[in-house]
file work30.cif (mmCIF, C-alpha atoms)
data_query
#
loop_
_atom_site.label_atom_id
_atom_site.label_comp_id
_atom_site.auth_asym_id
_atom_site.auth_seq_id
_atom_site.Cartn_x
_atom_site.Cartn_y
_atom_site.Cartn_z
CA MET I 749 -197.26 -62.23 -34.56
CA ARG I 750 -196.09 -60.07 -37.46
CA LYS I 751 -192.71 -61.05 -38.85
CA THR I 752 -190.06 -58.34 -39.05
CA LEU I 753 -186.69 -58.03 -40.74
CA HIS I 754 -183.55 -58.38 -38.64
CA SER I 755 -179.86 -58.16 -39.55
CA VAL I 756 -178.05 -61.44 -38.87
CA ILE I 757 -174.37 -62.29 -39.25
CA THR I 758 -174.09 -65.27 -41.59
CA GLY I 759 -170.35 -65.28 -42.26
CA THR I 760 -167.07 -63.98 -40.86
CA GLY I 761 -163.51 -63.83 -42.12
CA SER I 762 -160.17 -62.31 -41.29
CA TYR I 763 -156.64 -61.93 -42.54
CA LEU I 764 -153.72 -61.80 -40.14
CA PRO I 765 -150.48 -60.76 -41.84
CA SER I 766 -147.69 -63.31 -41.41
CA GLN I 767 -145.02 -60.78 -40.42
CA ILE I 768 -144.80 -60.88 -36.60
CA ILE I 769 -143.10 -57.87 -34.98
CA LYS I 770 -142.15 -58.43 -31.35
CA ASN I 771 -141.53 -55.63 -28.85
CA GLU I 772 -137.81 -56.37 -28.83
CA VAL I 773 -137.56 -54.94 -32.35
CA PHE I 774 -138.06 -51.44 -30.90
CA ILE I 775 -135.35 -51.56 -28.22
CA ASN I 776 -132.79 -49.84 -30.46
CA SER I 777 -135.24 -47.25 -31.84
CA SER I 778 -134.52 -43.54 -31.45
CA PHE I 779 -137.62 -42.12 -29.78
CA TYR I 780 -138.40 -38.42 -29.27
CA ASP I 781 -141.08 -36.57 -27.34
CA ALA I 782 -143.61 -34.17 -28.86
CA ALA I 783 -141.23 -31.24 -28.29
CA GLY I 784 -138.53 -32.92 -30.39
CA ALA I 785 -136.27 -33.92 -27.48
CA PRO I 786 -134.79 -37.45 -27.48
CA LEU I 787 -136.06 -39.76 -24.76
CA VAL I 788 -133.33 -40.37 -22.22
CA LYS I 789 -134.52 -43.73 -20.89
CA ALA I 790 -132.88 -46.89 -22.15
CA GLY I 791 -134.69 -48.57 -25.03
CA SER I 792 -135.34 -51.70 -23.00
CA GLU I 793 -136.96 -49.62 -20.25
CA ILE I 794 -139.15 -47.73 -22.75
CA VAL I 795 -140.32 -50.98 -24.32
CA GLN I 796 -141.03 -52.61 -20.96
CA GLN I 797 -143.00 -49.59 -19.76
CA PHE I 798 -144.98 -49.64 -23.02
CA SER I 799 -145.80 -53.32 -22.54
CA ASN I 800 -146.92 -52.72 -18.96
CA ILE I 801 -149.27 -49.92 -20.04
CA THR I 802 -150.79 -51.50 -23.17
CA ASP I 803 -150.40 -55.30 -22.67
CA ILE I 804 -148.98 -55.49 -26.21
CA GLN I 805 -146.20 -58.04 -26.72
CA GLU I 806 -146.24 -58.29 -30.51
CA ARG I 807 -148.18 -57.15 -33.55
CA ARG I 808 -148.63 -58.04 -37.25
CA TYR I 809 -147.35 -56.03 -40.22
CA ALA I 810 -148.44 -56.46 -43.83
CA ALA I 811 -145.96 -57.92 -46.30
CA ASP I 812 -143.91 -55.39 -48.24
CA ASN I 813 -145.98 -55.92 -51.40
CA GLN I 814 -149.38 -55.69 -49.67
CA VAL I 815 -151.67 -52.69 -49.15
CA ALA I 816 -154.92 -52.33 -47.21
CA SER I 817 -157.17 -53.35 -50.12
CA ASP I 818 -155.19 -56.61 -50.44
CA LEU I 819 -155.84 -57.41 -46.79
CA ALA I 820 -159.51 -56.42 -47.19
CA PHE I 821 -159.87 -58.73 -50.18
CA LEU I 822 -158.33 -61.68 -48.33
CA ALA I 823 -160.62 -61.17 -45.31
CA ALA I 824 -163.63 -60.85 -47.62
CA GLN I 825 -162.65 -63.99 -49.48
CA ASP I 826 -162.39 -65.85 -46.17
CA ALA I 827 -165.87 -64.70 -45.10
CA LEU I 828 -167.42 -65.61 -48.45
CA HIS I 829 -165.75 -69.03 -48.65
CA SER I 830 -166.40 -70.04 -45.04
CA SER I 831 -170.10 -69.13 -45.37
CA HIS I 832 -170.49 -70.53 -48.92
CA THR I 833 -171.83 -67.16 -50.10
CA ASP I 834 -172.04 -66.31 -53.80
CA PRO I 835 -170.33 -62.89 -54.18
CA GLU I 836 -172.74 -61.96 -56.98
CA THR I 837 -175.59 -61.91 -54.42
CA LEU I 838 -174.06 -59.06 -52.40
CA ASP I 839 -176.03 -55.82 -52.47
CA TYR I 840 -173.35 -53.68 -50.79
CA ILE I 841 -169.66 -53.86 -50.01
CA LEU I 842 -168.65 -51.41 -47.28
CA VAL I 843 -164.95 -51.02 -46.48
CA ALA I 844 -163.96 -49.13 -43.35
CA HIS I 845 -160.42 -47.74 -43.25
CA ASN I 846 -158.70 -44.43 -42.57
CA PHE I 847 -155.69 -44.13 -44.86
CA GLY I 848 -156.55 -45.92 -48.08
CA ASP I 849 -153.82 -47.94 -49.73
CA VAL I 850 -150.39 -46.85 -48.50
CA ALA I 851 -147.51 -48.51 -50.33
CA LEU I 852 -144.26 -49.26 -48.52
CA ASP I 853 -142.20 -47.29 -51.05
CA ASN I 854 -144.64 -44.36 -51.41
CA ARG I 855 -146.31 -43.66 -48.08
CA ARG I 856 -149.18 -41.52 -49.28
CA SER I 857 -152.88 -42.29 -49.04
CA ASP I 858 -154.43 -43.66 -52.22
CA PHE I 859 -158.25 -43.58 -52.22
CA VAL I 860 -159.04 -43.59 -55.95
CA PRO I 861 -160.73 -45.84 -56.79
CA THR I 862 -162.21 -46.61 -53.40
CA LEU I 863 -160.93 -49.63 -51.51
CA ALA I 864 -164.42 -51.11 -51.77
CA ALA I 865 -164.28 -50.80 -55.56
CA ARG I 866 -160.87 -52.48 -55.53
CA VAL I 867 -162.19 -55.33 -53.39
CA LYS I 868 -165.20 -55.80 -55.67
CA HIS I 869 -162.82 -55.86 -58.64
CA LYS I 870 -160.53 -58.42 -56.97
CA LEU I 871 -163.55 -60.59 -56.14
CA GLY I 872 -164.58 -60.47 -59.82
CA ILE I 873 -168.14 -59.37 -59.03
CA GLU I 874 -169.98 -58.37 -62.22
CA ASN I 875 -173.32 -57.43 -60.62
CA PRO I 876 -173.66 -53.62 -61.13
CA ASN I 877 -176.28 -53.47 -58.36
CA CYS I 878 -173.64 -54.45 -55.82
CA VAL I 879 -172.75 -50.98 -54.54
CA ALA I 880 -169.22 -50.54 -53.19
CA TYR I 881 -168.10 -47.60 -51.07
CA ASP I 882 -165.70 -46.66 -48.28
CA LEU I 883 -166.29 -45.46 -44.75
CA PRO I 884 -163.59 -43.41 -42.98
CA PHE I 885 -164.77 -42.99 -39.38
CA GLY I 886 -161.70 -43.55 -37.24
CA CYS I 887 -161.31 -46.84 -35.38
CA PRO I 888 -165.13 -47.21 -34.99
CA GLY I 889 -165.46 -47.30 -38.80
CA TRP I 890 -166.14 -51.02 -39.17
CA LEU I 891 -168.84 -50.95 -36.50
CA GLN I 892 -170.37 -47.88 -38.13
CA GLY I 893 -170.44 -49.85 -41.38
CA VAL I 894 -172.37 -52.57 -39.55
CA ILE I 895 -174.83 -49.92 -38.34
CA GLN I 896 -175.29 -48.56 -41.87
CA ALA I 897 -175.77 -52.08 -43.21
CA ASP I 898 -178.46 -52.68 -40.59
CA TYR I 899 -180.45 -49.73 -41.95
CA TYR I 900 -180.19 -51.06 -45.52
CA LEU I 901 -181.26 -54.55 -44.49
CA ARG I 902 -184.15 -53.60 -42.22
CA SER I 903 -185.51 -51.20 -44.83
CA GLY I 904 -185.83 -54.06 -47.31
CA ASP I 905 -183.56 -52.34 -49.84
CA ALA I 906 -180.82 -54.92 -49.39
CA LYS I 907 -180.66 -58.60 -48.53
CA ARG I 908 -176.93 -59.19 -48.08
CA VAL I 909 -174.09 -56.80 -47.17
CA LEU I 910 -170.35 -57.40 -46.82
CA VAL I 911 -168.72 -55.14 -44.20
CA ILE I 912 -164.92 -55.06 -44.05
CA GLY I 913 -162.43 -53.32 -41.80
CA ALA I 914 -158.86 -53.13 -43.11
CA GLU I 915 -155.86 -51.02 -42.15
CA THR I 916 -152.07 -50.83 -42.45
CA LEU I 917 -151.17 -48.55 -39.55
CA SER I 918 -147.52 -49.64 -39.82
CA ARG I 919 -147.30 -47.44 -42.93
CA VAL I 920 -148.46 -44.25 -41.19
CA CYS I 921 -146.72 -44.42 -37.80
CA ASP I 922 -143.72 -42.29 -36.88
CA PRO I 923 -140.66 -44.50 -36.26
CA HIS I 924 -139.48 -41.89 -33.73
CA ASP I 925 -142.71 -41.86 -31.69
CA ARG I 926 -143.04 -44.55 -29.01
CA ASP I 927 -146.80 -44.63 -29.66
CA SER I 928 -145.93 -46.30 -32.97
CA MET I 929 -145.46 -49.55 -31.03
CA ILE I 930 -149.24 -49.69 -30.54
CA TYR I 931 -150.09 -49.93 -34.21
CA ALA I 932 -150.64 -53.02 -36.35
CA ASP I 933 -152.06 -54.21 -39.66
CA GLY I 934 -154.91 -56.58 -40.43
CA ALA I 935 -158.39 -57.05 -41.86
CA GLY I 936 -161.69 -58.59 -40.83
CA ALA I 937 -165.05 -59.01 -42.54
CA ILE I 938 -168.60 -60.12 -41.92
CA ILE I 939 -171.61 -60.87 -44.06
CA LEU I 940 -174.90 -59.48 -42.76
CA GLU I 941 -178.20 -60.77 -44.12
CA ALA I 942 -181.83 -59.72 -43.69
CA ARG I 943 -183.85 -62.43 -41.98
CA GLU I 944 -187.60 -62.31 -41.42
CA THR I 945 -188.36 -63.62 -37.92
CA ASP I 946 -191.10 -63.54 -35.31
CA ALA I 947 -188.81 -62.77 -32.37
CA PRO I 948 -185.99 -60.20 -32.31
CA THR I 949 -182.58 -61.61 -33.26
CA GLY I 950 -179.32 -60.39 -34.72
CA ILE I 951 -178.79 -56.66 -34.26
CA LEU I 952 -181.12 -55.51 -31.48
CA ALA I 953 -179.94 -51.93 -30.98
CA HIS I 954 -177.11 -49.56 -31.78
CA GLY I 955 -175.92 -46.06 -30.98
CA THR I 956 -173.27 -43.62 -32.19
CA ARG I 957 -171.89 -40.28 -31.03
CA SER I 958 -169.37 -37.80 -32.43
CA ASP I 959 -167.63 -35.26 -30.18
CA THR I 960 -165.76 -32.76 -32.33
CA VAL I 961 -165.79 -29.41 -30.52
CA GLN I 962 -163.18 -30.38 -27.94
CA ALA I 963 -162.00 -33.77 -29.16
CA ALA I 964 -161.67 -33.58 -32.97
CA HIS I 965 -157.87 -33.45 -32.97
CA LEU I 966 -156.99 -35.95 -30.24
CA LEU I 967 -155.94 -38.15 -33.16
CA ARG I 968 -154.48 -36.33 -36.14
CA MET I 969 -151.72 -36.34 -38.75
CA ASP I 970 -148.49 -34.42 -38.15
CA LYS I 971 -144.74 -34.37 -38.79
CA SER I 972 -142.24 -36.73 -37.18
CA PHE I 973 -141.19 -36.06 -33.59
CA ASN I 974 -137.60 -36.25 -34.79
CA PRO I 975 -136.66 -32.67 -35.83
CA ALA I 976 -133.91 -34.05 -38.08
CA TYR I 977 -136.27 -36.36 -39.99
CA GLU I 978 -135.81 -35.59 -43.68
CA GLY I 979 -138.98 -37.11 -45.11
CA SER I 980 -142.12 -35.13 -45.95
CA GLU I 981 -144.60 -37.69 -44.67
CA LEU I 982 -147.28 -36.95 -42.11
CA PHE I 983 -147.68 -39.52 -39.34
CA LEU I 984 -150.51 -40.56 -37.06
CA LYS I 985 -150.32 -38.71 -33.73
CA MET I 986 -152.46 -38.93 -30.63
CA GLU I 987 -152.99 -37.14 -27.34
CA GLY I 988 -152.76 -40.30 -25.27
CA ARG I 989 -153.91 -39.02 -21.89
CA LYS I 990 -156.83 -37.01 -23.27
CA LEU I 991 -157.87 -39.89 -25.50
CA TYR I 992 -157.83 -42.22 -22.49
CA GLU I 993 -160.02 -39.80 -20.53
CA TYR I 994 -162.44 -39.44 -23.45
CA ALA I 995 -162.76 -43.22 -23.83
CA LEU I 996 -163.43 -43.76 -20.13
CA LYS I 997 -166.05 -41.04 -20.15
CA THR I 998 -167.95 -42.06 -23.30
CA VAL I 999 -167.58 -45.78 -24.02
CA PRO I 1000 -169.12 -47.24 -20.82
CA GLN I 1001 -172.09 -44.88 -21.09
CA ALA I 1002 -172.51 -45.64 -24.80
CA ILE I 1003 -172.64 -49.37 -24.01
CA LYS I 1004 -175.17 -48.86 -21.22
CA ASP I 1005 -177.32 -46.58 -23.38
CA THR I 1006 -177.41 -49.20 -26.14
CA LEU I 1007 -178.25 -52.02 -23.74
CA ASP I 1008 -181.01 -49.82 -22.31
CA LYS I 1009 -182.25 -49.16 -25.85
CA ALA I 1010 -182.46 -52.92 -26.36
CA GLY I 1011 -184.24 -53.30 -23.01
CA LEU I 1012 -181.54 -55.56 -21.60
CA PRO I 1013 -179.71 -55.57 -18.25
CA ILE I 1014 -175.93 -55.94 -18.06
CA THR I 1015 -176.37 -59.49 -16.71
CA THR I 1016 -177.56 -60.65 -20.14
CA MET I 1017 -174.26 -59.66 -21.82
CA ARG I 1018 -172.34 -62.86 -22.56
CA LYS I 1019 -169.38 -61.14 -24.25
CA LEU I 1020 -168.16 -57.60 -24.73
CA LEU I 1021 -166.18 -57.31 -27.95
CA ILE I 1022 -164.35 -54.02 -27.59
CA HIS I 1023 -161.96 -52.26 -29.95
CA GLN I 1024 -158.46 -53.48 -29.12
CA ALA I 1025 -156.95 -50.06 -28.48
CA ASN I 1026 -154.96 -50.49 -25.28
CA GLY I 1027 -155.23 -53.41 -22.87
CA LYS I 1028 -155.20 -51.38 -19.68
CA MET I 1029 -157.62 -48.80 -21.11
CA ASP I 1030 -160.08 -51.51 -22.14
CA GLU I 1031 -159.90 -53.02 -18.65
CA ALA I 1032 -160.64 -49.60 -17.16
CA ILE I 1033 -163.60 -49.18 -19.53
CA LEU I 1034 -164.97 -52.56 -18.41
CA LYS I 1035 -164.72 -51.60 -14.73
CA ARG I 1036 -166.35 -48.23 -15.39
CA LEU I 1037 -169.17 -49.98 -17.29
CA TYR I 1038 -170.03 -52.26 -14.38
CA ALA I 1039 -169.75 -49.32 -12.00
CA LEU I 1040 -172.70 -47.81 -13.88
CA TYR I 1041 -174.67 -50.84 -12.70
CA ASN I 1042 -173.91 -50.29 -9.00
CA ASP I 1043 -170.63 -52.19 -9.24
CA ALA I 1044 -172.23 -55.42 -10.42
CA PRO I 1045 -169.73 -58.32 -10.42
CA ILE I 1046 -167.72 -58.65 -13.62
CA PRO I 1047 -168.01 -62.19 -15.04
CA ALA I 1048 -164.72 -63.92 -15.78
CA GLY I 1049 -163.88 -63.95 -19.47
CA VAL I 1050 -166.61 -61.49 -20.45
CA MET I 1051 -164.15 -59.39 -22.51
CA PRO I 1052 -161.93 -61.53 -24.78
CA MET I 1053 -158.74 -59.77 -25.87
CA THR I 1054 -156.32 -60.16 -28.78
CA ILE I 1055 -154.24 -56.99 -28.39
CA SER I 1056 -151.33 -58.76 -26.68
CA TRP I 1057 -150.45 -60.59 -29.89
CA LEU I 1058 -152.21 -58.62 -32.64
CA GLY I 1059 -151.76 -55.03 -31.45
CA ASN I 1060 -154.12 -52.24 -32.49
CA SER I 1061 -155.13 -52.57 -36.15
CA SER I 1062 -157.82 -49.85 -35.93
CA VAL I 1063 -160.98 -50.83 -37.85
CA ALA I 1064 -159.78 -54.42 -38.16
CA THR I 1065 -159.68 -55.27 -34.44
CA LEU I 1066 -163.39 -55.94 -33.94
CA PRO I 1067 -164.16 -58.08 -37.02
CA THR I 1068 -160.92 -60.00 -36.52
CA LEU I 1069 -161.78 -60.64 -32.86
CA LEU I 1070 -165.27 -61.83 -33.83
CA ASP I 1071 -163.97 -64.17 -36.53
CA LEU I 1072 -161.40 -65.73 -34.21
CA LEU I 1073 -164.04 -66.14 -31.52
CA LEU I 1074 -166.66 -67.74 -33.75
CA LYS I 1075 -164.13 -70.07 -35.34
CA GLY I 1076 -162.95 -71.38 -31.97
CA GLN I 1077 -159.48 -69.85 -32.12
CA LEU I 1078 -159.72 -68.07 -28.75
CA PRO I 1079 -159.35 -70.64 -25.94
CA ASP I 1080 -161.99 -70.69 -23.19
CA ASN I 1081 -164.38 -68.53 -25.20
CA ASP I 1082 -167.58 -69.80 -26.77
CA LEU I 1083 -170.95 -68.49 -27.88
CA GLN I 1084 -174.30 -70.27 -28.01
CA PRO I 1085 -177.53 -69.43 -29.85
CA GLY I 1086 -179.42 -66.75 -27.93
CA ASN I 1087 -176.30 -65.29 -26.31
CA ILE I 1088 -176.07 -61.51 -26.19
CA ILE I 1089 -172.85 -59.88 -27.33
CA VAL I 1090 -172.04 -56.18 -27.34
CA PHE I 1091 -169.64 -54.50 -29.75
CA ALA I 1092 -168.08 -51.17 -28.80
CA SER I 1093 -165.45 -48.94 -30.35
CA VAL I 1094 -163.91 -45.49 -29.99
CA GLY I 1095 -161.47 -43.50 -32.07
CA ALA I 1096 -160.56 -40.54 -34.24
CA GLY I 1097 -163.22 -37.92 -34.66
CA MET I 1098 -163.69 -38.42 -31.79
CA ASN I 1099 -166.31 -41.06 -32.48
CA CYS I 1100 -167.82 -43.75 -30.30
CA ASN I 1101 -170.39 -46.45 -31.07
CA ALA I 1102 -171.94 -49.64 -29.75
CA VAL I 1103 -174.10 -52.49 -31.07
CA VAL I 1104 -176.11 -55.09 -29.15
CA TYR I 1105 -176.38 -58.40 -30.98
CA GLN I 1106 -178.20 -61.64 -30.20
CA MET I 1107 -176.72 -64.86 -31.54
#

call {"tool": "encode", "arguments": {"input": "work30.cif", "output": "structure tokens"}}
result
Amino acid sequence: MRKTLHSVITGTGSYLPSQIIKNEVFINSSFYDAAGAPLVKAGSEIVQQFSNITDIQERRYAADNQVASDLAFLAAQDALHSSHTDPETLDYILVAHNFGDVALDNRRSDFVPTLAARVKHKLGIENPNCVAYDLPFGCPGWLQGVIQADYYLRSGDAKRVLVIGAETLSRVCDPHDRDSMIYADGAGAIILEARETDAPTGILAHGTRSDTVQAAHLLRMDKSFNPAYEGSELFLKMEGRKLYEYALKTVPQAIKDTLDKAGLPITTMRKLLIHQANGKMDEAILKRLYALYNDAPIPAGVMPMTISWLGNSSVATLPTLLDLLLKGQLPDNDLQPGNIIVFASVGAGMNCNAVVYQM
């Protein structure tokens, strides 16, 4: 049998900021609706309703002196150290994010140089053939970076790629918008390597879609909901209901299409690692997925979740979830060689993608 190149994960890493922000912090916040009217419900009621809808109890914020590239570097360092990988052997460094480096005292996006260039600099990599670039693709950005890396590796042009997802959403959320309670900071990273094998392994299939005609602005930047807000910043805004409907319509089908592309039934899926966007939404996506298979029974524990204590850190949720899973930090979750896992994500663009991976 002819050997072929496959993309295999050989290292993972993550960085969870130490600053824990519990829901109770928001009880005394002054929230407004999109029309600029103050919300009349008591703060405790707003926070409780939010928790019921999203499952979020707490989230992590970066330290005051940290920016996204700092978190990306720390996650990359973790992946490199835990896998004993020489940074000089990397062919690519891909950093997925959406807002660049946003400082606490100057909340404007800083993209120059790229975050990937900053990470390469912090890692001290001298190899000029290690190409570093950024990937802004909404929340699915890290997974899209994995897909791009797969093309590089299977083509033979690269042997080892570092893919990072890092974000500081706490720096771009409106303090007067209750949706700001969803957002968190963090970073995760993986190392993908090309392996020549007889049988398929690693990344088996992937798929991506972008829906921009009707859905491009479901997530966007806009002014604060508070009409009296004096700052000039633009904040992350979302059309929650429409986004929910888009996710339920596209993500389950994208997962099924990718499993079909790999020639695998849903029963082979050991774990579904889904973007930690909203606990209740992810549960609905899971149910809709199995409905596509004539309501096949949903295995217990098939979809590990971290959103209750890490919140939604955009591009960082998936690689962080994977790292915690593989390092045994998620109780009652384990993976064995040969297991099939599926990654799926959805977010600004609107973009949606999925990857089928064999351990």

call {"tool": "residues_around", "arguments": {"input": "work30.cif", "residues": "Gly893 in chain I", "least_positions_apart": "3", "cutoff": "8 Å", "atoms": "only C-alpha atoms", "output": "compact mmCIF listing (two decimals) with C-alpha atoms, in the frame of the given file"}}
result
# COMPACT_ATOMS: atom_id res chain seq x y z
CA LEU I 842 -168.65 -51.41 -47.28
CA VAL I 843 -164.95 -51.02 -46.48
CA ALA I 844 -163.96 -49.13 -43.35
CA LEU I 883 -166.29 -45.46 -44.75
CA GLY I 889 -165.46 -47.30 -38.80
CA TRP I 890 -166.14 -51.02 -39.17
CA GLN I 896 -175.29 -48.56 -41.87
CA ALA I 897 -175.77 -52.08 -43.21
CA VAL I 911 -168.72 -55.14 -44.20

call {"tool": "resolve_selection", "arguments": {"input": "work30.cif", "expression": "the PyMOL selection byres ((chain I and resi 1022) around 12)", "output": "number ranges by chain"}}
result
I: 887-888, 891, 995, 999-1000, 1003, 1019-1021, 1023-1027, 1029-1034, 1050-1055, 1060, 1062-1070, 1089-1095, 1100-1104

call {"tool": "closest_atom_pairs", "arguments": {"input": "work30.cif", "of": "range 825-865 of chain I", "to": "range 752-775 of chain I", "cutoff": "9 Å", "atoms": "only C-alpha atoms", "output": "Markdown table"}}
result
| residue | atom | partner | partner_atom | distance |
| --- | --- | --- | --- | --- |
| I:Gln825 | CA | I:Gly761 | CA | 7.4 |
| I:Asp826 | CA | I:Gly761 | CA | 4.7 |
| I:Ala827 | CA | I:Gly761 | CA | 3.9 |
| I:Leu828 | CA | I:Gly759 | CA | 6.9 |
| I:His829 | CA | I:Gly761 | CA | 8.6 |
| I:Ser830 | CA | I:Gly759 | CA | 6.8 |
| I:Ser831 | CA | I:Gly759 | CA | 5.0 |
| I:His832 | CA | I:Gly759 | CA | 8.5 |
| I:Thr833 | CA | I:Gly759 | CA | 8.2 |

call {"tool": "resolve_selection", "arguments": {"input": "work30.cif", "expression": "the PyMOL selection byres ((chain I and resi 805) around 8)", "output": "count of residues only"}}
result
10

call {"tool": "axis_aligned_box", "arguments": {"input": "work30.cif", "around": "range 1095-1098 of chain I", "padding_each_side": "6 Å", "output": "lines of an AutoDock Vina configuration file"}}
result
center_x = -162.1
center_y = -40.7
center_z = -33.2
size_x = 15.1
size_y = 17.6
size_z = 14.9

call {"tool": "closest_atom_pairs", "arguments": {"input": "work30.cif", "of": "range 908-978 of chain I", "to": "range 810-823 of chain I", "cutoff": "9 Å", "atoms": "only C-alpha atoms", "output": "JSON lines"}}
result
{"residue": "I:Ile912", "atom": "CA", "partner": "I:Ala820", "partner_atom": "CA", "distance": 6.4}
{"residue": "I:Gly913", "atom": "CA", "partner": "I:Ala820", "partner_atom": "CA", "distance": 6.9}
{"residue": "I:Ala914", "atom": "CA", "partner": "I:Ala820", "partner_atom": "CA", "distance": 5.3}
{"residue": "I:Glu915", "atom": "CA", "partner": "I:Ala816", "partner_atom": "CA", "distance": 5.3}
{"residue": "I:Thr916", "atom": "CA", "partner": "I:Ala816", "partner_atom": "CA", "distance": 5.7}
{"residue": "I:Ser918", "atom": "CA", "partner": "I:Ala810", "partner_atom": "CA", "distance": 8.0}
{"residue": "I:Ala932", "atom": "CA", "partner": "I:Ala810", "partner_atom": "CA", "distance": 8.5}
{"residue": "I:Asp933", "atom": "CA", "partner": "I:Ala810", "partner_atom": "CA", "distance": 6.0}
{"residue": "I:Gly934", "atom": "CA", "partner": "I:Leu819", "partner_atom": "CA", "distance": 6.5}
{"residue": "I:Ala935", "atom": "CA", "partner": "I:Ala820", "partner_atom": "CA", "distance": 5.5}
{"residue": "I:Gly936", "atom": "CA", "partner": "I:Ala823", "partner_atom": "CA", "distance": 5.3}
{"residue": "I:Ala937", "atom": "CA", "partner": "I:Ala823", "partner_atom": "CA", "distance": 5.7}
{"residue": "I:Ile938", "atom": "CA", "partner": "I:Ala823", "partner_atom": "CA", "distance": 8.7}

call {"tool": "residues_around", "arguments": {"input": "work30.cif", "residues": "range 964-966 of chain I", "least_positions_apart": "5", "cutoff": "9 Å", "atoms": "all atoms listed in the file", "output": "compact mmCIF listing (two decimals) with C-alpha atoms, in the frame of the given file"}}
result
# COMPACT_ATOMS: atom_id res chain seq x y z
CA SER I 958 -169.37 -37.80 -32.43
CA ASP I 959 -167.63 -35.26 -30.18
CA LYS I 985 -150.32 -38.71 -33.73
CA MET I 986 -152.46 -38.93 -30.63
CA GLU I 987 -152.99 -37.14 -27.34
CA GLY I 988 -152.76 -40.30 -25.27
CA LYS I 990 -156.83 -37.01 -23.27
CA LEU I 991 -157.87 -39.89 -25.50
CA GLY I 1095 -161.47 -43.50 -32.07
CA ALA I 1096 -160.56 -40.54 -34.24
CA GLY I 1097 -163.22 -37.92 -34.66
CA MET I 1098 -163.69 -38.42 -31.79
CA ASN I 1099 -166.31 -41.06 -32.48

call {"tool": "closest_residue", "arguments": {"input": "work30.cif", "among": "I:Thr1016, I:Asn974, I:Gln1001, I:Thr949", "to": "Met1107 in chain I", "atoms": "all atoms listed in the file"}}
result
I:Thr949

call {"tool": "closest_residue", "arguments": {"input": "work30.cif", "among": "I:His954, I:Arg908, I:Arg855, I:Lys997", "to": "Tyr840 in chain I", "atoms": "all atoms listed in the file"}}
result
I:Arg908

call {"tool": "atom_distance", "arguments": {"input": "work30.cif", "atom1": "CA of Ala790 in chain I", "atom2": "CA of Lys971 in chain I"}}
result
24.0 Å

call {"tool": "residues_around", "arguments": {"input": "work30.cif", "residues": "Phe798 in chain I", "least_positions_apart": "3", "cutoff": "9 Å", "atoms": "only C-alpha atoms", "output": "PyMOL selection string"}}
result
chain I and resi 793-795+801-804+926-927+929-930

call {"tool": "atom_distance", "arguments": {"input": "work30.cif", "atom1": "CA of Ser777 in chain I", "atom2": "CA of His924 in chain I"}}
result
7.1 Å

call {"tool": "closest_residue", "arguments": {"input": "work30.cif", "among": "I:Ala1048, I:Leu838, I:Cys921, I:Leu1007", "to": "Glu981 in chain I", "atoms": "all atoms listed in the file"}}
result
I:Cys921

call {"tool": "resolve_selection", "arguments": {"input": "work30.cif", "expression": "the PyMOL selection byres ((chain I and resi 947) around 12)", "output": "PyMOL selection string"}}
result
chain I and resi 749-754+943-946+948-952+1086+1106

call {"tool": "closest_residue", "arguments": {"input": "work30.cif", "among": "I:Glu978, I:Asp781, I:Val920, I:Arg866", "to": "Tyr809 in chain I", "atoms": "all atoms listed in the file"}}
result
I:Val920

call {"tool": "residues_around", "arguments": {"input": "work30.cif", "residues": "Ile1014 in chain I", "least_positions_apart": "5", "cutoff": "8 Å", "atoms": "all atoms listed in the file", "output": "number ranges by chain"}}
result
I: 1004, 1007, 1038, 1041

call {"tool": "residues_around", "arguments": {"input": "work30.cif", "residues": "Thr862 in chain I", "least_positions_apart": "2", "cutoff": "10 Å", "atoms": "all atoms listed in the file", "output": "JSON, numbers by chain"}}
result
{"I": [817, 843, 848, 849, 858, 859, 860, 864, 865, 866, 867, 868, 880, 881, 882, 883]}

call {"tool": "closest_residue", "arguments": {"input": "work30.cif", "among": "I:Phe847, I:Tyr994, I:Tyr1105, I:Tyr900", "to": "Leu1012 in chain I", "atoms": "only C-alpha atoms"}}
result
I:Tyr1105

call {"tool": "atom_distance", "arguments": {"input": "work30.cif", "atom1": "CA of Thr956 in chain I", "atom2": "CA of Val894 in chain I"}}
result
11.6 Å

call {"tool": "closest_residue", "arguments": {"input": "work30.cif", "among": "I:Lys1009, I:Lys1035, I:Arg1018, I:Arg957", "to": "Asn1087 in chain I", "atoms": "only C-alpha atoms"}}
result
I:Arg1018
